[in-house]
$ cat data_3.csv   # CSV, C-alpha atoms
chain,number,residue,atom,x,y,z
A,299,MET,CA,-6.7,9.8,25.9
A,300,LYS,CA,-4.6,10.0,22.8
A,301,ARG,CA,-5.4,7.4,20.1
A,302,VAL,CA,-2.5,5.7,18.3
A,303,PHE,CA,-2.2,5.0,14.6
A,304,ASN,CA,-3.0,1.3,14.6
A,305,PHE,CA,-1.6,-0.5,11.5
A,306,SER,CA,-3.0,-3.9,12.6
A,307,PRO,CA,-4.0,-6.2,9.7
A,308,GLY,CA,-7.1,-7.3,11.7
A,309,PRO,CA,-8.9,-6.8,13.9
A,310,ALA,CA,-8.1,-3.3,12.6
A,311,MET,CA,-8.8,0.2,13.8
A,312,LEU,CA,-12.3,1.6,13.5
A,313,PRO,CA,-13.2,5.2,12.6
A,314,GLY,CA,-13.0,7.5,15.7
A,315,ALA,CA,-16.4,9.0,14.9
A,316,VAL,CA,-17.9,5.5,14.9
A,317,LEU,CA,-16.5,4.6,18.3
A,318,GLN,CA,-17.7,7.9,19.7
A,319,ARG,CA,-21.2,7.4,18.4
A,320,ALA,CA,-21.2,3.8,19.8
A,321,GLN,CA,-20.0,5.2,23.1
A,322,ALA,CA,-22.7,7.8,23.3
A,323,GLU,CA,-25.4,5.2,22.5
A,324,LEU,CA,-24.0,2.4,24.6
A,325,LEU,CA,-26.3,2.6,27.6
A,326,ASP,CA,-29.4,3.9,25.9
A,327,TRP,CA,-29.9,2.8,22.3
A,328,GLN,CA,-32.6,4.7,20.5
A,329,GLY,CA,-34.3,5.6,23.7
A,330,SER,CA,-34.9,2.0,24.7
A,331,GLY,CA,-33.1,2.3,28.0
A,332,MET,CA,-31.0,-0.6,27.0
A,333,SER,CA,-27.7,-1.2,25.1
A,334,VAL,CA,-27.9,-2.4,21.6
A,335,MET,CA,-26.2,-5.5,23.0
A,336,GLU,CA,-29.3,-6.2,25.1
A,337,VAL,CA,-32.2,-5.7,22.7
A,338,SER,CA,-33.8,-8.6,20.9
A,339,HIS,CA,-32.9,-9.2,17.3
A,340,ARG,CA,-36.6,-10.0,16.8
A,341,GLY,CA,-37.6,-6.6,18.2
A,342,THR,CA,-38.9,-3.8,15.9
A,343,ALA,CA,-36.0,-1.5,16.6
A,344,PHE,CA,-33.3,-3.9,15.6
A,345,ILE,CA,-35.2,-5.3,12.6
A,346,GLU,CA,-35.6,-1.7,11.3
A,347,PHE,CA,-31.9,-1.0,12.0
A,348,ALA,CA,-30.9,-4.2,10.2
A,349,ALA,CA,-33.0,-3.3,7.1
A,350,ARG,CA,-31.6,0.2,7.0
A,351,SER,CA,-28.0,-1.0,7.3
A,352,GLU,CA,-28.5,-3.4,4.4
A,353,LYS,CA,-30.1,-0.6,2.3
A,354,THR,CA,-27.1,1.6,3.0
A,355,LEU,CA,-24.6,-1.1,2.1
A,356,ARG,CA,-26.5,-1.9,-1.1
A,357,GLY,CA,-26.3,1.8,-2.0
A,358,LEU,CA,-22.6,2.0,-1.3
A,359,LEU,CA,-21.8,-1.0,-3.4
A,360,ALA,CA,-24.6,-0.5,-6.0
A,361,VAL,CA,-25.7,-4.1,-5.3
A,362,PRO,CA,-28.1,-5.3,-8.1
A,363,ASP,CA,-31.6,-6.3,-7.0
A,364,SER,CA,-30.8,-9.9,-8.2
A,365,TYR,CA,-28.4,-10.4,-5.2
A,366,LYS,CA,-29.1,-11.2,-1.6
A,367,VAL,CA,-27.0,-9.6,1.2
A,368,LEU,CA,-26.5,-11.7,4.3
A,369,PHE,CA,-25.0,-10.7,7.7
A,370,LEU,CA,-23.8,-14.0,9.2
A,371,GLN,CA,-21.6,-15.4,11.9
A,372,GLY,CA,-18.3,-17.2,11.8
A,373,GLY,CA,-16.1,-14.7,9.9
A,374,ALA,CA,-14.7,-15.3,6.5
A,375,THR,CA,-13.0,-18.5,7.5
A,376,LEU,CA,-16.4,-20.4,7.9
A,377,GLN,CA,-17.1,-19.4,4.3
A,378,PHE,CA,-14.2,-21.6,3.2
A,379,ALA,CA,-16.6,-24.5,4.0
A,380,ALA,CA,-19.9,-22.7,3.3
A,381,VAL,CA,-19.0,-22.0,-0.4
A,382,PRO,CA,-18.5,-25.6,-1.5
A,383,LEU,CA,-21.4,-26.8,0.6
A,384,ASN,CA,-23.7,-24.2,-1.0
A,385,LEU,CA,-22.5,-24.3,-4.5
A,386,ALA,CA,-20.9,-27.7,-5.4
A,387,PRO,CA,-22.3,-31.2,-5.6
A,388,ALA,CA,-20.2,-33.7,-3.7
A,389,ALA,CA,-18.5,-35.2,-6.8
A,390,ALA,CA,-17.9,-31.9,-8.5
A,391,THR,CA,-14.5,-30.3,-9.2
A,392,VAL,CA,-14.2,-26.7,-8.1
A,393,ASP,CA,-11.5,-24.3,-9.2
A,394,TYR,CA,-9.3,-22.2,-6.9
A,395,VAL,CA,-6.5,-19.7,-7.6
A,396,VAL,CA,-3.9,-19.4,-4.8
A,397,THR,CA,-1.9,-16.2,-4.3
A,398,GLY,CA,-1.2,-16.4,-0.6
A,399,ASN,CA,-1.9,-18.1,2.7
A,400,TRP,CA,-5.6,-17.3,2.7
A,401,GLY,CA,-6.0,-18.9,-0.7
A,402,GLU,CA,-4.2,-22.0,0.6
A,403,LYS,CA,-6.5,-22.2,3.7
A,404,ALA,CA,-9.5,-21.9,1.4
A,405,VAL,CA,-8.3,-24.8,-0.7
A,406,SER,CA,-7.5,-26.9,2.4
A,407,GLU,CA,-11.0,-26.5,3.7
A,408,ALA,CA,-12.7,-27.0,0.3
A,409,LYS,CA,-10.9,-30.3,-0.1
A,410,ARG,CA,-13.1,-31.7,2.7
A,411,TYR,CA,-16.2,-31.2,0.5
A,412,ALA,CA,-15.2,-31.3,-3.1
A,413,ASN,CA,-12.5,-32.2,-5.6
A,414,VAL,CA,-10.3,-29.1,-5.9
A,415,ASN,CA,-8.4,-28.1,-9.0
A,416,VAL,CA,-5.8,-25.4,-8.3
A,417,ALA,CA,-6.1,-23.5,-11.5
A,418,ALA,CA,-3.2,-21.3,-10.8
A,419,GLU,CA,-0.9,-20.5,-7.9
A,420,SER,CA,2.2,-18.3,-7.2
A,421,SER,CA,4.2,-20.1,-4.6
A,422,ALA,CA,7.2,-20.2,-6.9
A,423,THR,CA,7.6,-16.5,-6.5
A,424,LYS,CA,6.9,-16.7,-2.8
A,425,PHE,CA,3.6,-15.1,-3.4
A,426,THR,CA,5.0,-11.9,-4.6
A,427,SER,CA,3.1,-11.9,-7.9
A,428,ILE,CA,-0.2,-12.7,-9.6
A,429,PRO,CA,-0.3,-15.6,-12.1
A,430,ASP,CA,-1.2,-14.4,-15.6
A,431,PRO,CA,-4.9,-15.3,-16.1
A,432,LYS,CA,-4.0,-16.6,-19.6
A,433,THR,CA,-2.1,-19.4,-17.9
A,434,TRP,CA,-5.0,-20.5,-15.6
A,435,LYS,CA,-6.1,-24.1,-16.1
A,436,VAL,CA,-9.8,-23.9,-15.3
A,437,THR,CA,-12.3,-26.8,-15.3
A,438,LYS,CA,-15.0,-27.0,-17.8
A,439,GLY,CA,-18.4,-26.9,-16.1
A,440,ALA,CA,-16.9,-26.1,-12.6
A,441,PRO,CA,-19.5,-24.9,-10.1
A,442,TYR,CA,-17.4,-21.9,-9.3
A,443,LEU,CA,-13.9,-20.3,-9.5
A,444,HIS,CA,-12.6,-19.0,-6.1
A,445,TYR,CA,-9.9,-16.4,-5.6
A,446,THR,CA,-8.7,-13.9,-3.0
A,447,PRO,CA,-8.5,-10.4,-4.5
A,448,ASN,CA,-6.1,-9.3,-1.7
A,449,GLU,CA,-3.7,-11.4,0.4
A,450,THR,CA,-3.1,-9.6,3.6
A,451,VAL,CA,0.0,-11.5,4.7
A,452,PHE,CA,2.0,-11.1,1.5
A,453,GLY,CA,0.5,-7.8,0.3
A,454,VAL,CA,-0.5,-9.0,-3.1
A,455,GLU,CA,-3.6,-7.7,-4.8
A,456,PHE,CA,-5.5,-8.2,-8.1
A,457,HIS,CA,-6.3,-4.8,-9.6
A,458,ASP,CA,-8.6,-6.2,-12.2
A,459,VAL,CA,-11.4,-8.8,-12.0
A,460,PRO,CA,-10.3,-11.9,-13.8
A,461,SER,CA,-12.4,-13.1,-16.7
A,462,VAL,CA,-11.2,-16.6,-17.6
A,463,SER,CA,-14.1,-18.9,-16.8
A,464,ASP,CA,-17.8,-19.2,-17.4
A,465,ALA,CA,-18.1,-20.5,-13.8
A,466,PRO,CA,-19.5,-18.1,-11.2
A,467,LEU,CA,-16.7,-16.1,-9.6
A,468,VAL,CA,-16.4,-16.4,-5.8
A,469,ALA,CA,-14.2,-13.8,-4.0
A,470,ASP,CA,-12.9,-13.5,-0.5
A,471,MET,CA,-12.9,-9.7,-0.2
A,472,SER,CA,-12.3,-9.6,3.5
A,473,SER,CA,-9.5,-7.0,3.2
A,474,THR,CA,-10.9,-5.0,0.2
A,475,LEU,CA,-14.7,-4.8,0.4
A,476,LEU,CA,-15.7,-1.1,0.9
A,477,SER,CA,-12.2,0.2,0.2
A,478,ARG,CA,-13.3,1.2,-3.3
A,479,PRO,CA,-16.2,0.6,-5.8
A,480,VAL,CA,-16.6,-2.9,-7.1
A,481,ASP,CA,-18.8,-4.2,-9.9
A,482,VAL,CA,-20.8,-6.8,-7.9
A,483,SER,CA,-22.5,-8.1,-11.1
A,484,ARG,CA,-19.1,-9.7,-12.1
A,485,PHE,CA,-19.4,-12.1,-9.1
A,486,GLY,CA,-21.5,-15.1,-8.1
A,487,VAL,CA,-20.6,-14.7,-4.4
A,488,ILE,CA,-18.6,-12.1,-2.5
A,489,TYR,CA,-17.8,-12.7,1.1
A,490,ALA,CA,-15.9,-10.5,3.6
A,491,GLY,CA,-15.0,-10.8,7.3
A,492,ALA,CA,-15.8,-7.6,9.0
A,493,GLN,CA,-12.6,-6.9,10.9
A,494,LYS,CA,-10.8,-5.0,8.2
A,495,ASN,CA,-13.0,-2.3,6.7
A,496,ILE,CA,-16.4,-3.1,8.1
A,497,GLY,CA,-16.4,-3.4,11.8
A,498,PRO,CA,-15.5,-5.7,14.7
A,499,ALA,CA,-14.6,-9.4,14.3
A,500,GLY,CA,-17.4,-12.0,14.4
A,501,LEU,CA,-19.5,-10.9,11.4
A,502,VAL,CA,-19.2,-11.9,7.7
A,503,ILE,CA,-21.1,-10.3,4.9
A,504,VAL,CA,-22.1,-12.5,2.0
A,505,ILE,CA,-23.4,-11.1,-1.2
A,506,VAL,CA,-24.9,-13.9,-3.3
A,507,ARG,CA,-26.6,-14.0,-6.7
A,508,GLU,CA,-30.1,-15.2,-6.3
A,509,ASP,CA,-29.8,-17.9,-9.0
A,510,LEU,CA,-27.2,-19.6,-6.9
A,511,LEU,CA,-29.5,-20.0,-3.9
A,512,GLY,CA,-31.1,-23.4,-3.3
A,513,ARG,CA,-28.1,-25.5,-4.4
A,514,ALA,CA,-26.9,-26.3,-0.9
A,515,ARG,CA,-26.3,-30.0,0.0
A,516,LYS,CA,-28.8,-31.5,2.4
A,517,GLU,CA,-26.1,-31.8,5.1
A,518,THR,CA,-25.4,-28.0,5.0
A,519,PRO,CA,-26.0,-26.4,8.4
A,520,GLY,CA,-28.8,-23.9,8.4
A,521,THR,CA,-26.5,-21.2,9.8
A,522,ILE,CA,-24.5,-21.2,6.6
A,523,ASP,CA,-27.2,-22.2,4.1
A,524,TYR,CA,-27.5,-19.1,1.9
A,525,LYS,CA,-31.1,-19.8,0.9
A,526,THR,CA,-32.2,-20.5,4.5
A,527,GLN,CA,-30.5,-17.3,5.7
A,528,ALA,CA,-31.8,-15.2,2.8
A,529,GLY,CA,-35.3,-16.4,3.5
A,530,ASN,CA,-35.0,-15.3,7.1
A,531,ASP,CA,-33.3,-11.9,6.6
A,532,SER,CA,-30.1,-13.3,8.1
A,533,MET,CA,-32.0,-14.1,11.3
A,534,TRP,CA,-32.6,-17.9,11.0
A,535,ASN,CA,-30.5,-17.9,14.2
A,536,THR,CA,-29.4,-15.1,16.5
A,537,PRO,CA,-27.1,-13.0,14.4
A,538,PRO,CA,-24.0,-11.2,15.8
A,539,THR,CA,-26.0,-8.1,16.7
A,540,LEU,CA,-23.2,-6.0,18.2
A,541,SER,CA,-20.9,-6.5,15.2
A,542,TRP,CA,-23.9,-5.9,12.8
A,543,TYR,CA,-24.6,-2.6,14.7
A,544,PHE,CA,-21.0,-1.4,14.4
A,545,ALA,CA,-21.1,-2.3,10.7
A,546,GLY,CA,-24.2,-0.2,10.2
A,547,LEU,CA,-22.4,2.7,11.9
A,548,VAL,CA,-19.4,2.3,9.6
A,549,PHE,CA,-21.7,2.3,6.5
A,550,ASP,CA,-23.2,5.6,7.7
A,551,TRP,CA,-19.7,6.9,8.2
A,552,LEU,CA,-18.7,5.9,4.7
A,553,VAL,CA,-21.6,7.7,3.2
A,554,GLU,CA,-20.5,10.8,5.2
A,555,GLN,CA,-17.0,10.5,3.7
A,556,GLY,CA,-18.5,10.7,0.2
A,557,GLY,CA,-18.9,7.0,-0.6
A,558,LEU,CA,-16.6,4.4,-2.0
A,559,ALA,CA,-15.3,6.5,-4.9
A,560,ALA,CA,-14.1,9.1,-2.4
A,561,MET,CA,-12.6,6.3,-0.2
A,562,ALA,CA,-10.8,4.9,-3.2
A,563,LYS,CA,-9.0,8.2,-3.9
A,564,VAL,CA,-7.8,8.4,-0.3
A,565,ASN,CA,-6.8,4.8,-0.1
A,566,ALA,CA,-4.8,5.0,-3.4
A,567,ARG,CA,-3.1,8.1,-2.2
A,568,LYS,CA,-2.2,6.5,1.2
A,569,ALA,CA,-0.6,3.5,-0.5
A,570,ALA,CA,1.2,5.6,-3.1
A,571,LYS,CA,2.9,7.7,-0.3
A,572,LEU,CA,4.1,4.6,1.5
A,573,TYR,CA,5.4,2.8,-1.5
A,574,ALA,CA,7.1,6.0,-2.7
A,575,ALA,CA,9.0,6.2,0.6
A,576,ILE,CA,10.0,2.6,0.4
A,577,ASP,CA,11.1,2.8,-3.3
A,578,ALA,CA,13.1,6.0,-2.7
A,579,SER,CA,15.2,4.3,-0.1
A,580,ASP,CA,18.0,1.7,-0.1
A,581,PHE,CA,17.2,1.0,3.5
A,582,TYR,CA,13.6,-0.3,3.0
A,583,ALA,CA,12.3,-2.7,0.4
A,584,ASN,CA,9.0,-4.2,-0.7
A,585,PRO,CA,9.3,-7.6,-2.4
A,586,VAL,CA,6.0,-7.6,-4.4
A,587,GLU,CA,5.9,-7.0,-8.1
A,588,LYS,CA,4.7,-3.4,-8.6
A,589,SER,CA,1.7,-4.4,-10.7
A,590,ALA,CA,0.5,-6.6,-7.9
A,591,ARG,CA,1.1,-4.4,-4.9
A,592,SER,CA,-1.7,-4.1,-2.4
A,593,TRP,CA,-3.4,-0.9,-1.4
A,594,MET,CA,-4.4,-2.3,1.9
A,595,ASN,CA,-1.4,-4.2,3.2
A,596,VAL,CA,2.1,-3.0,2.6
A,597,PRO,CA,4.9,-5.4,3.8
A,598,PHE,CA,8.5,-4.0,3.9
A,599,THR,CA,11.8,-5.1,5.2
A,600,LEU,CA,14.8,-3.3,6.6
A,601,ALA,CA,18.3,-3.6,5.1
A,602,ASP,CA,19.5,-5.0,8.4
A,603,PRO,CA,17.0,-7.4,10.1
A,604,GLU,CA,18.8,-6.9,13.3
A,605,LEU,CA,17.2,-3.4,13.4
A,606,ASP,CA,13.7,-4.8,13.3
A,607,LYS,CA,13.3,-4.9,17.1
A,608,ALA,CA,14.5,-1.3,17.5
A,609,PHE,CA,12.2,-0.2,14.7
A,610,LEU,CA,9.2,-1.8,16.3
A,611,GLN,CA,10.0,-0.4,19.8
A,612,GLU,CA,10.6,3.1,18.5
A,613,SER,CA,7.6,3.2,16.2
A,614,LYS,CA,5.4,2.1,19.0
A,615,ALA,CA,6.8,4.8,21.3
A,616,ALA,CA,5.9,7.3,18.5
A,617,GLY,CA,2.3,6.1,18.4
A,618,LEU,CA,2.6,3.8,15.4
A,619,THR,CA,1.5,0.4,16.5
A,620,ASN,CA,1.1,-3.2,15.2
A,621,LEU,CA,3.7,-2.9,12.4
A,622,LYS,CA,5.3,-6.3,12.9
A,623,GLY,CA,5.1,-8.4,9.8
A,624,HIS,CA,3.5,-11.8,9.6
A,625,ARG,CA,5.7,-14.6,10.9
A,626,VAL,CA,5.7,-16.2,7.4
A,627,VAL,CA,7.2,-13.1,5.8
A,628,GLY,CA,9.0,-11.2,8.6
A,629,GLY,CA,9.9,-7.6,8.5
A,630,MET,CA,7.2,-5.0,8.8
A,631,ARG,CA,3.6,-4.7,7.5
A,632,ALA,CA,1.4,-1.6,7.5
A,633,SER,CA,-2.3,-2.1,6.9
A,634,LEU,CA,-4.0,0.9,5.5
A,635,TYR,CA,-7.7,0.2,5.8
A,636,ASN,CA,-10.4,2.8,5.5
A,637,ALA,CA,-10.2,3.9,9.1
A,638,MET,CA,-6.4,4.7,8.9
A,639,PRO,CA,-6.3,8.4,8.2
A,640,GLU,CA,-3.8,9.9,5.8
A,641,ALA,CA,-2.2,11.6,8.7
A,642,GLY,CA,-1.2,8.1,10.0
A,643,VAL,CA,0.6,7.3,6.8
A,644,ASP,CA,2.3,10.7,6.8
A,645,ALA,CA,3.5,10.0,10.4
A,646,LEU,CA,4.8,6.6,9.4
A,647,VAL,CA,6.7,7.9,6.4
A,648,ALA,CA,8.2,10.6,8.6
A,649,PHE,CA,9.2,8.1,11.2
A,650,MET,CA,10.8,5.8,8.6
A,651,ALA,CA,12.9,8.6,7.2
A,652,ASP,CA,14.0,9.6,10.7
A,653,PHE,CA,14.8,6.0,11.6
A,654,GLU,CA,16.9,5.5,8.5
A,655,LYS,CA,18.8,8.8,9.1
A,656,ARG,CA,19.7,7.7,12.6
A,657,ARG,CA,20.2,4.0,12.0
A,658,GLY,CA,21.1,3.6,8.3
$ encode --input "data_3.csv" --output "structure tokens"
Amino acid sequence: MKRVFNFSPGPAMLPGAVLQRAQAELLDWQGSGMSVMEVSHRGTAFIEFAARSEKTLRGLLAVPDSYKVLFLQGGATLQFAAVPLNLAPAAATVDYVVTGNWGEKAVSEAKRYANVNVAAESSATKFTSIPDPKTWKVTKGAPYLHYTPNETVFGVEFHDVPSVSDAPLVADMSSTLLSRPVDVSRFGVIYAGAQKNIGPAGLVIVIVREDLLGRARKETPGTIDYKTQAGNDSMWNTPPTLSWYFAGLVFDWLVEQGGLAAMAKVNARKAAKLYAAIDASDFYANPVEKSARSWMNVPFTLADPELDKAFLQESKAAGLTNLKGHRVVGGMRASLYNAMPEAGVDALVAFMADFEKRRG
């Protein structure tokens, strides 16, 4: 069976080598005579696998010893509530920067548990830019400052870590974690849903600085209490074992590719190729300020929106799938996560040129 180039923003494509390895191990994992989906998370085999996968992830990201790495359920969206419950007293004012719909959703959820100060937001530009950090209005003594380094819907990305507050920096890195190196020591908490660059949906990875543990409110559920989960190696409750297993395979695959520095070079090159094709044409356009363009999610529009349907139909027939843009933005969107090979971007660029030639 021929695999398509899947440009979905998430759940996204997984590396073919990872899927093949999982397929080979599906019925008999590590000689157990069982699938990994059937073994106990309390068993020696899975505990050893879990520890090994965490060690590999720590190596990839150079996570300092002063941080805990958690493998939890609920995806990144549950962390919208977990962050204020773990870090902010009930009467505290927390700071948020909003550069897209995921930032908006994080604010909406945080308002259930804390007073929220929107320190900066970019709705005035229809989320096509990053507010100048010099203009951010942060709260003195805030428990944390939250932002979304990459907004998947609008294709807007921070290319530098902001340094505007003494508060611990909290980042939703769902669509960027493992796509390039990151200085973990700059952050208090990093969290990332798995379904972009890590593995299947259902898992969230949380990297939390140890001095921030133990601050959770008494009403915080144990499943999202960072200290509770850290003290139980992410197994206070039954973890999402299958998603964790796939994540471990992806970590191994990333090591085989040369690590995150090597992935960064490939990802930068993929994005540059697609943006160059868009910018060289009067038929396609990208609305995002060039300094804020995302490596991972590239939205683009056609000169005539009436051609959107034909573009989607013909691209799908050519083996290029899930290119429809988010309903809020319209047009097209190509997500270029780690598993998208450079050949997929080359195929998309070639198709775009051919479509313009025939329809432009």
$ residues_around --input "data_3.csv" --residues "A:Ile428" --least-positions-apart "3" --cutoff "7 Å" --atoms "only C-alpha atoms" --output "MDAnalysis selection string"
chainID A and resid 397 420 590
$ closest_atom_pairs --input "data_3.csv" --of "stretch 553-625 of chain A" --to "stretch 339-359 of chain A" --cutoff "8 Å" --atoms "only C-alpha atoms" --output "tab-separated table"
residue	atom	partner	partner_atom	distance
A:Val553	CA	A:Leu358	CA	7.3
A:Gly557	CA	A:Leu358	CA	6.3
A:Leu558	CA	A:Leu358	CA	6.5
$ atom_distance --input "data_3.csv" --atom1 "atom CA of A:Ala379" --atom2 "atom CA of A:Arg625"
25.4 Å
$ atom_distance --input "data_3.csv" --atom1 "atom CA of A:Tyr394" --atom2 "atom CA of A:Ser532"
27.1 Å
$ closest_residue --input "data_3.csv" --among "A:Pro639, A:Pro585, A:Gly529, A:Gly491" --to "A:Met561" --atoms "all atoms listed in the file"
A:Pro639
$ atom_distance --input "data_3.csv" --atom1 "atom CA of A:Ser461" --atom2 "atom CA of A:Gly512"
25.2 Å
$ residues_around --input "data_3.csv" --residues "A:Leu325" --least-positions-apart "4" --cutoff "12 Å" --atoms "all atoms listed in the file" --output "NGL selection string"
:A and (319-321 or 329-337)
$ closest_atom_pairs --input "data_3.csv" --of "stretch 299-320 of chain A" --to "stretch 593-598 of chain A" --cutoff "12 Å" --atoms "only C-alpha atoms" --output "Markdown table"
| residue | atom | partner | partner_atom | distance |
| --- | --- | --- | --- | --- |
| A:Phe305 | CA | A:Asn595 | CA | 9.1 |
| A:Ser306 | CA | A:Asn595 | CA | 9.5 |
| A:Pro307 | CA | A:Asn595 | CA | 7.3 |
| A:Gly308 | CA | A:Asn595 | CA | 10.7 |
| A:Ala310 | CA | A:Met594 | CA | 11.4 |
